[in-house]
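Q: So here's protein_20.txt (compact mmCIF, C-alpha atoms).
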# COMPACT_ATOMS: atom_id res chain seq x y z
CA MET A 1 4.23 -25.58 -7.17
CA ASP A 2 5.02 -26.98 -3.79
CA ARG A 3 1.65 -28.16 -2.52
CA LEU A 4 2.86 -28.92 0.98
CA PRO A 5 1.90 -26.25 3.49
CA LEU A 6 4.86 -24.72 5.25
CA ALA A 7 5.40 -25.69 8.83
CA ASP A 8 4.62 -23.11 11.46
CA GLY A 9 7.37 -20.53 11.34
CA ALA A 10 9.33 -22.38 8.71
CA ARG A 11 11.51 -20.57 6.23
CA PRO A 12 9.75 -20.67 2.86
CA ALA A 13 11.47 -22.69 0.15
CA VAL A 14 12.61 -20.47 -2.68
CA ASN A 15 12.36 -23.25 -5.25
CA ALA A 16 8.74 -23.92 -4.38
CA THR A 17 7.72 -22.70 -7.82
CA SER A 18 9.25 -25.75 -9.53
CA ALA A 19 6.55 -28.15 -8.32
CA PRO A 20 3.30 -28.83 -10.27
CA ALA A 21 1.02 -25.85 -10.69
CA ALA A 22 -1.78 -25.27 -8.23
CA ARG A 23 -5.37 -25.43 -9.40
CA ASP A 24 -5.60 -21.69 -9.44
CA LEU A 25 -3.97 -18.63 -8.04
CA ALA A 26 -6.31 -18.34 -5.08
CA ASP A 27 -5.43 -21.89 -4.07
CA THR A 28 -1.78 -21.03 -4.33
CA PHE A 29 -2.39 -18.00 -2.24
CA ARG A 30 -4.13 -19.97 0.48
CA LEU A 31 -1.38 -22.56 0.42
CA HIS A 32 1.34 -19.98 0.97
CA HIS A 33 -0.70 -17.56 3.03
CA ALA A 34 1.37 -17.86 6.21
CA ALA A 35 4.68 -17.60 4.36
CA LEU A 36 3.49 -14.51 2.50
CA VAL A 37 2.33 -12.92 5.76
CA ARG A 38 5.79 -13.52 7.23
CA LEU A 39 7.39 -11.90 4.23
CA ALA A 40 5.08 -8.91 4.64
CA VAL A 41 5.74 -8.71 8.38
CA ILE A 42 9.45 -8.49 7.73
CA LEU A 43 8.89 -5.71 5.22
CA VAL A 44 6.32 -3.63 7.11
CA ARG A 45 7.25 -4.66 10.68
CA ASP A 46 3.84 -5.24 12.17
CA LEU A 47 1.39 -8.09 11.85
CA PRO A 48 -1.96 -6.29 11.39
CA THR A 49 -0.59 -4.18 8.56
CA ALA A 50 1.04 -7.22 7.00
CA GLU A 51 -2.26 -9.05 7.10
CA ASP A 52 -3.97 -6.05 5.53
CA VAL A 53 -1.46 -6.20 2.71
CA ILE A 54 -2.08 -9.90 2.24
CA GLN A 55 -5.83 -9.47 2.34
CA ASP A 56 -5.70 -6.70 -0.24
CA VAL A 57 -3.64 -8.91 -2.53
CA PHE A 58 -6.10 -11.73 -2.06
CA ALA A 59 -9.06 -9.44 -2.72
CA ARG A 60 -7.53 -8.29 -5.98
CA ILE A 61 -6.89 -11.84 -7.04
CA GLN A 62 -10.47 -12.75 -6.26
CA ALA A 63 -11.65 -9.77 -8.25
CA ARG A 64 -9.72 -10.89 -11.33
CA PRO A 65 -10.06 -14.65 -11.63
CA ASP A 66 -9.36 -14.52 -15.36
CA ARG A 67 -5.73 -13.58 -14.91
CA HIS A 68 -3.31 -16.08 -16.48
CA PHE A 69 0.19 -17.00 -15.46
CA GLU A 70 3.06 -19.03 -16.69
CA PRO A 71 2.96 -22.50 -15.13
CA GLY A 72 4.85 -22.49 -11.88
CA GLY A 73 5.01 -18.72 -11.74
CA GLU A 74 2.15 -18.17 -9.33
CA LEU A 75 4.17 -17.93 -6.15
CA ALA A 76 6.67 -15.58 -7.74
CA TYR A 77 3.77 -13.42 -8.86
CA LEU A 78 2.26 -13.42 -5.39
CA ARG A 79 5.55 -12.37 -3.85
CA VAL A 80 5.72 -9.46 -6.24
CA CYS A 81 2.17 -8.50 -5.25
CA VAL A 82 3.11 -8.64 -1.58
CA ILE A 83 6.26 -6.62 -2.10
CA ASN A 84 4.29 -4.02 -4.03
CA GLY A 85 1.69 -3.93 -1.29
CA CYS A 86 4.40 -3.39 1.30
CA ARG A 87 5.86 -0.60 -0.79
CA SER A 88 2.47 1.07 -0.75
CA VAL A 89 2.43 0.82 3.03
CA HIS A 90 5.81 2.52 3.20
CA ARG A 91 4.60 5.20 0.83
CA ARG A 92 1.61 5.93 3.02
CA ARG A 93 3.68 5.88 6.17
CA ALA A 94 6.16 8.30 4.68
CA LEU A 95 3.28 10.56 3.80
CA LEU A 96 1.91 10.31 7.32
CA ARG A 97 5.26 11.22 8.81
CA ARG A 98 5.51 14.16 6.48
CA ILE A 99 2.18 15.57 7.59
CA GLY A 100 3.00 15.00 11.24
CA ALA A 101 0.89 11.96 11.96
CA GLY A 102 3.83 9.57 12.34
CA ARG A 103 3.08 8.96 15.99
CA THR A 104 -0.03 7.10 14.92
CA LEU A 105 1.97 4.30 13.32
CA PRO A 106 1.74 0.89 14.95
CA GLU A 107 4.43 -0.57 17.10
CA PRO A 108 6.69 -2.98 15.25
CA LEU A 109 6.32 -6.65 15.90
CA ALA A 110 8.46 -7.75 18.84
CA VAL A 111 11.43 -9.78 17.71
CA HIS A 112 12.03 -12.22 20.48
CA ASP A 113 11.54 -15.77 21.60
CA SER A 114 9.73 -16.60 24.76
CA ALA A 115 12.63 -18.42 26.41
CA GLU A 116 14.53 -16.28 28.86
CA ASP A 117 17.92 -17.26 27.49
CA GLU A 118 16.95 -15.62 24.22
CA VAL A 119 16.79 -12.16 25.73
CA ILE A 120 20.27 -11.16 24.71
CA HIS A 121 19.81 -12.53 21.23
CA ALA A 122 16.47 -10.76 21.01
CA GLU A 123 18.11 -7.43 21.73
CA GLU A 124 20.74 -8.06 19.09
CA ARG A 125 18.03 -9.01 16.62
CA ARG A 126 16.09 -5.88 17.37
CA GLN A 127 19.17 -3.86 16.52
CA VAL A 128 19.55 -5.67 13.22
CA ILE A 129 15.88 -5.27 12.30
CA ALA A 130 15.96 -1.60 13.25
CA ALA A 131 19.05 -1.09 11.12
CA LEU A 132 17.38 -2.93 8.26
CA ALA A 133 14.29 -0.75 8.58
CA ALA A 134 16.44 2.35 8.27
CA LEU A 135 17.64 1.31 4.82
CA PRO A 136 15.93 2.57 1.67
CA ILE A 137 13.09 0.35 0.51
CA ARG A 138 14.93 -1.13 -2.48
CA ARG A 139 17.94 -2.14 -0.41
CA ARG A 140 15.70 -3.61 2.26
CA GLU A 141 13.80 -5.66 -0.30
CA VAL A 142 16.97 -7.03 -1.82
CA LEU A 143 18.31 -8.09 1.57
CA VAL A 144 15.04 -9.71 2.60
CA LEU A 145 14.76 -11.66 -0.65
CA ARG A 146 18.39 -12.70 -0.42
CA TYR A 147 18.74 -13.53 3.26
CA TYR A 148 15.19 -14.50 4.23
CA LEU A 149 13.88 -16.19 1.13
CA GLY A 150 17.35 -17.29 0.04
CA MET A 151 16.82 -16.15 -3.53
CA SER A 152 19.61 -16.03 -6.07
CA GLU A 153 20.62 -12.79 -7.72
CA ALA A 154 18.78 -13.88 -10.86
CA GLN A 155 15.59 -14.60 -8.94
CA ILE A 156 15.76 -11.31 -7.09
CA ALA A 157 16.32 -9.49 -10.36
CA ALA A 158 13.26 -11.16 -11.87
CA THR A 159 11.15 -10.45 -8.80
CA LEU A 160 12.04 -6.79 -8.49
CA GLY A 161 12.31 -6.11 -12.20
CA ILE A 162 15.92 -4.96 -12.06
CA THR A 163 19.15 -6.29 -13.52
CA GLN A 164 21.38 -8.79 -11.78
CA GLY A 165 24.11 -6.19 -11.70
CA THR A 166 21.82 -3.85 -9.83
CA VAL A 167 20.94 -6.62 -7.42
CA LYS A 168 24.60 -7.31 -6.76
CA SER A 169 25.56 -3.70 -6.23
CA THR A 170 22.45 -2.95 -4.18
CA ALA A 171 23.04 -5.95 -1.93
CA ALA A 172 26.69 -5.03 -1.43
CA ARG A 173 25.84 -1.44 -0.53
CA ALA A 174 23.02 -2.57 1.71
CA ILE A 175 25.19 -4.99 3.65
CA ALA A 176 27.89 -2.34 3.98
CA ALA A 177 25.35 0.16 5.28
CA LEU A 178 23.94 -2.41 7.67
CA ALA A 179 27.39 -3.31 8.96
CA LYS A 180 28.20 0.34 9.47
CA GLN A 181 25.03 0.89 11.47
CA LEU A 182 25.78 -2.17 13.56
CA GLY A 183 29.40 -1.15 14.06
CA GLU A 184 30.80 -4.16 12.27
CA ASP A 185 33.14 -4.85 9.40
CA SER A 186 31.12 -5.98 6.40
CA MET B 1 29.14 -15.29 5.11
CA THR B 2 30.15 -12.23 7.09
CA ARG B 3 29.11 -11.54 10.65
CA THR B 4 26.60 -8.96 9.44
CA GLU B 5 25.05 -11.43 7.03
CA GLU B 6 24.80 -14.06 9.75
CA ARG B 7 23.13 -11.65 12.12
CA LEU B 8 20.75 -10.49 9.42
CA THR B 9 19.76 -14.05 8.52
CA ASP B 10 19.22 -14.91 12.17
CA ALA B 11 17.12 -11.80 12.83
CA LEU B 12 14.94 -12.31 9.76
CA ASP B 13 14.32 -15.92 10.73
CA ALA B 14 13.36 -14.77 14.22
CA VAL B 15 10.77 -12.37 12.81
CA GLY B 16 9.37 -15.14 10.66
CA ARG B 17 9.17 -17.50 13.63
CA ALA B 18 7.41 -14.84 15.70
CA VAL B 19 4.44 -15.07 13.33
CA LYS B 20 2.54 -18.16 14.33
CA ASP B 21 0.07 -19.78 12.01
CA HIS B 22 -2.66 -19.84 14.62
CA ASP B 23 -2.36 -16.07 15.12
CA LEU B 24 -3.13 -15.28 11.52
CA ARG B 25 -6.41 -13.82 10.43
CA PRO B 26 -8.13 -16.34 8.14
CA LEU B 27 -8.73 -15.29 4.59
CA PRO B 28 -12.36 -14.72 3.65
CA ASP B 29 -13.87 -16.94 1.01
CA HIS B 30 -15.12 -13.96 -0.92
CA ALA B 31 -12.73 -11.13 -0.29
CA ALA B 32 -13.43 -9.05 -3.34
CA GLY B 33 -14.91 -5.63 -3.26
CA GLY B 34 -15.85 -3.87 -0.12
CA SER B 35 -16.42 -6.97 1.98
CA ARG B 36 -12.85 -7.25 3.12
CA GLN B 37 -12.03 -6.18 6.60
CA ARG B 38 -9.18 -4.12 7.86
CA THR B 39 -7.52 -4.43 11.18
CA GLY B 40 -4.85 -2.58 13.08
CA TRP B 41 -3.98 0.96 12.18
CA GLN B 42 -5.87 0.87 8.88
CA ARG B 43 -9.10 0.04 10.67
CA TRP B 44 -9.29 3.41 12.29
CA LEU B 45 -6.93 5.36 10.11
CA ALA B 46 -9.02 4.89 6.99
CA PRO B 47 -12.21 6.37 8.41
CA VAL B 48 -10.29 9.12 10.16
CA SER B 49 -8.45 10.13 7.01
CA ALA B 50 -11.64 9.69 5.05
CA ALA B 51 -13.39 12.07 7.35
CA ALA B 52 -10.59 14.54 6.80
CA ALA B 53 -10.45 14.21 3.06
CA VAL B 54 -14.05 13.88 1.97
CA VAL B 55 -16.27 16.87 1.83
CA VAL B 56 -16.98 17.84 5.42
CA ILE B 57 -19.53 20.57 5.50
CA ALA B 58 -19.61 21.92 8.97
CA SER B 59 -21.86 24.18 10.83
CA PHE B 60 -19.92 27.29 9.85
CA ALA B 61 -22.12 27.45 6.78
CA VAL B 62 -25.13 27.62 9.03
CA PHE B 63 -23.59 30.31 11.14
CA ALA B 64 -22.70 32.24 8.02
CA ALA B 65 -26.33 31.99 6.96
CA PHE B 66 -27.43 33.31 10.33
CA GLY B 67 -25.07 36.25 10.00
CA HIS B 68 -26.69 37.49 6.82
CA SER B 69 -30.28 36.51 7.30
CA PRO B 70 -32.72 36.09 10.16
CA ARG B 71 -34.20 33.01 8.52
CA PRO B 72 -33.58 29.67 10.12
CA PRO B 73 -30.95 27.53 8.48
CA ALA B 74 -31.98 25.35 5.57
CA ILE B 75 -30.02 22.43 6.90
CA ALA B 76 -29.26 21.21 10.35
CA PRO B 77 -25.82 21.87 11.77
CA GLY B 78 -23.45 18.99 11.39
CA ARG B 79 -21.38 17.43 8.72
CA ILE B 80 -21.88 15.30 5.69
CA VAL B 81 -19.54 12.37 5.24
CA ILE B 82 -19.34 10.94 1.78
CA PRO B 83 -18.05 7.39 1.44
CA VAL B 84 -15.17 7.14 -1.02
CA GLY B 85 -12.41 4.63 -1.66
CA GLY B 86 -9.79 3.64 0.89
CA TYR B 87 -7.17 6.05 2.16
CA PRO B 88 -8.35 9.23 0.47
CA THR B 89 -5.63 11.83 0.26
CA GLY B 90 -5.96 14.31 -2.58
CA ILE B 91 -8.98 16.30 -3.66
CA ALA B 92 -9.59 18.73 -6.51
CA VAL B 93 -12.77 20.31 -7.85
CA ASP B 94 -13.65 20.95 -11.45
CA SER B 95 -16.34 23.60 -11.12
CA SER B 96 -16.99 23.54 -14.87
CA ASN B 97 -18.50 20.09 -14.56
CA ASN B 98 -19.50 20.27 -10.89
CA THR B 99 -17.29 17.37 -9.89
CA ALA B 100 -14.96 16.84 -6.97
CA TYR B 101 -12.24 14.25 -7.58
CA VAL B 102 -10.90 12.43 -4.51
CA SER B 103 -7.92 10.10 -4.79
CA SER B 104 -8.33 6.76 -3.04
CA GLY B 105 -4.92 5.37 -2.23
CA THR B 106 -5.69 1.76 -1.46
CA ASP B 107 -8.14 1.37 -4.32
CA GLY B 108 -6.16 3.02 -7.09
CA THR B 109 -9.15 5.11 -8.07
CA LEU B 110 -10.56 8.60 -8.10
CA SER B 111 -13.95 8.97 -6.47
CA LEU B 112 -16.24 11.39 -8.27
CA ILE B 113 -18.58 13.51 -6.17
CA ASN B 114 -21.34 15.53 -7.74
CA VAL B 115 -21.10 18.88 -6.00
CA LEU B 116 -24.43 19.94 -7.50
CA THR B 117 -26.33 17.35 -5.51
CA CYS B 118 -23.95 17.10 -2.60
CA ASN B 119 -22.85 20.39 -1.14
CA ALA B 120 -23.28 22.60 1.89
CA SER B 121 -26.58 24.13 0.83
CA ALA B 122 -28.19 21.15 -0.82
CA VAL B 123 -31.35 20.07 0.91
CA ASP B 124 -31.41 16.93 -1.16
CA ARG B 125 -28.21 15.07 -0.43
CA ALA B 126 -28.94 12.13 -2.68
CA GLY B 127 -25.67 12.79 -4.45
CA CYS B 128 -23.68 12.20 -1.30
CA GLY B 129 -24.44 8.52 -0.99
CA HIS B 130 -22.37 7.01 -3.74
CA ALA B 131 -19.28 8.24 -5.48
CA HIS B 132 -18.38 6.78 -8.86
CA ALA B 133 -14.86 5.36 -9.00
CA ALA B 134 -12.50 5.94 -11.91
CA PRO B 135 -9.27 3.88 -12.03
CA THR B 136 -6.03 5.84 -12.18
CA GLY B 137 -4.07 3.07 -13.88
CA GLY B 138 -1.51 2.92 -11.08
CA SER B 139 -0.96 2.35 -7.39
CA ASP B 140 -1.38 4.79 -4.54
CA PRO B 141 -2.91 7.82 -6.21
CA ILE B 142 -2.13 10.74 -3.90
CA GLY B 143 -2.34 14.23 -5.34
CA VAL B 144 -5.04 15.39 -7.73
CA ALA B 145 -5.14 18.51 -9.86
CA VAL B 146 -7.68 19.82 -12.34
CA ASP B 147 -7.21 21.99 -15.39
CA GLU B 148 -10.67 23.36 -16.04
CA GLN B 149 -9.70 24.96 -19.33
CA THR B 150 -8.73 21.68 -20.92
CA HIS B 151 -11.06 19.50 -18.83
CA THR B 152 -8.13 17.44 -17.65
CA VAL B 153 -7.70 15.70 -14.33
CA CYS B 154 -4.22 14.64 -13.26
CA ALA B 155 -3.53 12.16 -10.47
CA ALA B 156 -0.09 11.27 -9.11
CA ASN B 157 0.28 7.50 -8.77
CA GLY B 158 2.76 7.53 -5.90
CA SER B 159 3.92 3.93 -6.14
CA SER B 160 3.86 3.64 -9.91
CA ASP B 161 5.93 6.70 -10.72
CA THR B 162 3.28 7.90 -13.13
CA VAL B 163 0.77 10.70 -13.48
CA ALA B 164 -2.63 9.64 -14.78
CA VAL B 165 -4.19 12.08 -17.21
CA ILE B 166 -7.95 11.70 -17.32
CA ASN B 167 -10.36 13.41 -19.68
CA ALA B 168 -12.81 15.17 -17.41
CA ALA B 169 -15.10 15.88 -20.35
CA ASN B 170 -16.37 12.30 -20.29
CA CYS B 171 -15.37 11.36 -16.78
CA ASN B 172 -17.28 13.52 -14.39
CA ALA B 173 -20.21 13.27 -12.03
CA ALA B 174 -22.76 13.63 -14.84
CA ASP B 175 -21.00 11.57 -17.49
CA THR B 176 -18.88 8.60 -16.44
CA SER B 177 -18.69 7.01 -19.87
CA GLY B 178 -14.94 7.62 -20.15
CA CYS B 179 -14.01 6.74 -16.59
CA GLN B 180 -13.37 3.05 -17.03
CA SER B 181 -10.93 3.32 -19.91
CA ARG B 182 -7.28 3.23 -18.92
CA PRO B 183 -6.05 6.78 -18.51
CA VAL B 184 -3.06 8.19 -20.30
CA LEU B 185 -0.07 7.59 -18.05
CA VAL B 186 2.94 9.90 -18.04
CA ARG B 187 6.04 8.46 -16.44
CA VAL B 188 7.61 10.92 -14.00
CA GLY B 189 10.27 10.81 -11.31
CA ALA B 190 10.22 8.46 -8.38
CA GLU B 191 7.27 8.56 -6.03
CA PRO B 192 5.25 11.56 -7.19
CA GLU B 193 2.96 12.91 -4.53
CA PHE B 194 1.33 16.23 -5.21
CA LEU B 195 0.36 18.11 -8.31
CA ALA B 196 -0.37 21.60 -9.41
CA VAL B 197 -1.53 22.89 -12.77
CA ASP B 198 -0.34 26.11 -14.33
CA PRO B 199 -3.51 27.37 -16.05
CA GLN B 200 -1.55 29.79 -18.23
CA ARG B 201 0.70 27.14 -19.69
CA GLN B 202 -1.74 24.29 -19.10
CA THR B 203 1.12 22.33 -17.58
CA PRO B 204 0.94 20.09 -14.54
CA PHE B 205 3.83 19.94 -12.11
CA THR B 206 4.47 17.19 -9.63
CA SER B 207 6.54 16.87 -6.50
CA GLY B 208 8.06 13.64 -5.31
Go ahead and render the structure in this file as structure tokens.
A:
Amino acid sequence: MDRLPLADGARPAVNATSAPAARDLADTFRLHHAALVRLAVILVRDLPTAEDVIQDVFARIQARPDRHFEPGGELAYLRVCVINGCRSVHRRRALLRRIGAGRTLPEPLAVHDSAEDEVIHAEERRQVIAALAALPIRRREVLVLRYYLGMSEAQIAATLGITQGTVKSTAARAIAALAKQLGEDS
Amino acid sequence: MTRTEERLTDALDAVGRAVKDHDLRPLPDHAAGGSRQRTGWQRWLAPVSAAAAVVVIASFAVFAAFGHSPRPPAIAPGRIVIPVGGYPTGIAVDSSNNTAYVSSGTDGTLSLINVLTCNASAVDRAGCGHAHAAPTGGSDPIGVAVDEQTHTVCAANGSSDTVAVINAANCNAADTSGCQSRPVLVRVGAEPEFLAVDPQRQTPFTSG
């Protein structure tokens, strides 16, 4: 396990699981807390909810200290927990929309940098994130794992519990759908 | 890498950079159980939805009592709020064992309420203070249905694509001995939400 804390805002290293194992899962969690929050923010689109997801995962880990893992598999496990937590958020949001309470959902996290010359880029990024959010959950997860965490097809397959073939086809369809929404050629 | 892939990578990185370490809520040292805090929409949504889903016994019962009798009401007007697990959504009552089952989405449990000691006419509301929790063996339990003939409680685990089948005979407000064992799980279609039981055929149906 990579014991070095990630720099502020840094992209998490996908091969972090190859380093020596952390003392326990909670330590691993604390070590990668910020990176896991960022992953959750990308999936649920607002910081307070992402932090709730992370805190719930942490609480469950604390409640079951006897859980055992393969050496080096802690971070992968935590990512699965976070992804599952984010899925639950989407499930609840979908339910809220269905019963007419959708207007109560939080505003998504602003995607912009503070520098004025980033305004144009920020608008373009908002379009991309909005298009990503419109994709089905599975497609969104595959794209985030592939293009944010930089995972291989095999790693994504192991994380999501699907075959590599499904990862490949899902990613291809997701990129095509994204390109179509953005008016581009995929 | 295509233009779309480049834009996607750039946008995802930007979201990640927007989350600064110093803005993050620190993790508690002991986060287990009910000590964890919620912020944002869950902070107020949970109690609001809880208030909607738990047994809310309003003053209409008092007014109904007035309508049929000149006696003063046995209980003061108002409502009783029963604490249950997080994000309660579904509720079903098994009148044969006097138990209301409330699904708690964020906890993955059913909260059991004794309707004998916690109801609209009960002067003693001791039964309203604590609801026993029975795990549903899956994530995001939403809908709940009861088959009183077979003493079976079904709960749709929305994020696990399963329906938990719980034996209400030994998992009810008076007898919780069977509540902690893992329920029978029936795999169903994607994202089941609500349930209904056909009492004639003793068959649960789920929508998703």
Q: Can you pull out the residues contacting region 86-102 of chain B? Cut-off 7 Å, using all atoms listed in the file, and skip same-chain residues under 5 positions away; I want them as a PyMOL selection string.
A: chain B and resi 46+49-50+53+107+110-116+142-146+148+172-173
Q: Using CA of Glu124 (chain A) and CA of Leu36 (chain A) as the two end points, give the distance in Å to one decimal.
A: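 So the answer is 24.8 Å.
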Q: Counting all atoms listed in the file, which of B:Asn119, B:Ser139, B:Ser104, B:Gln200 gets nearest to chain A?
A: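 Of B:Asn119, B:Ser139, B:Ser104, B:Gln200, the one nearest chain A is B:Ser139, counting all atoms listed in the file.
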Q: Just checking: using all atoms listed in the file, which residue out of B:Gly85, B:Pro26, B:Gly108, B:Gly129 ends up closest to Phe58 (chain A)?
A: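 Using all atoms listed in the file, the shortest distance to Phe58 (chain A) belongs to B:Pro26.
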Q: Please, what distance in Å, to one decimal, runs between CA of Val19 (chain B) and CA of Gly85 (chain A)?
A: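 Distance between the two atoms: 18.6 Å.
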Q: Quick one: axis-aligned box around all listed atoms of region 167-175 of chain B, 6 Å on every side, centre and edge lengths in Å to one decimal, written as lines of an AutoDock Vina configuration file.
A:
center_x = -16.6
center_y = 13.6
center_z = -16.2
size_x = 24.4
size_y = 16.5
size_z = 20.3
Q: Might you pull out every residue within 8 Å of Val186 (chain B), with only C-alpha atoms counted and same-chain residues fewer than 3 positions away left off, and present them as a ChimeraX atom specification?
A: /B:162-165
Q: Which of these residues is nearest to Leu43 (chain A), using all atoms listed in the file: A:Val167, A:Val144, A:Ala158, A:Ala26?
A: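 Counting all atoms listed in the file, the residue closest to Leu43 (chain A) is A:Val144.
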Q: Please return as number ranges by chain every residue within 12 Å of (23.6, -9.7, 8.2), taking into account only C-alpha atoms and the file's own coordinates.
A: A: 124-125, 127-129, 131-132, 140, 143-144, 146-148, 171-172, 174-186; B: 1-13
Q: Could you please determine the separation between CA of Val53 (chain A) and CA of Arg30 (chain A) in Å, to one decimal place?
A: 14.2 Å
Q: Have a look at A:Leu160, A:Ala34, A:Ala154, A:Leu78 and name the one nearest to Val57 (chain A); count all atoms listed in the file.
A: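 Nearest to Val57 (chain A): A:Leu78.
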Q: Considering all atoms listed in the file, can you say which of A:Arg126, A:Gln55, A:Asn84, A:Ala76 comes closest to Gly138 (chain B)?
A: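 Under the stated criterion, the closest residue is A:Asn84.
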Q: Of the residues A:Leu96, A:Val89, A:Val41, A:Ala59, which is the one nearest to chain B, using all atoms listed in the file?
A: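 Going through A:Leu96, A:Val89, A:Val41, A:Ala59 one by one, the smallest distance to chain B is for A:Ala59.
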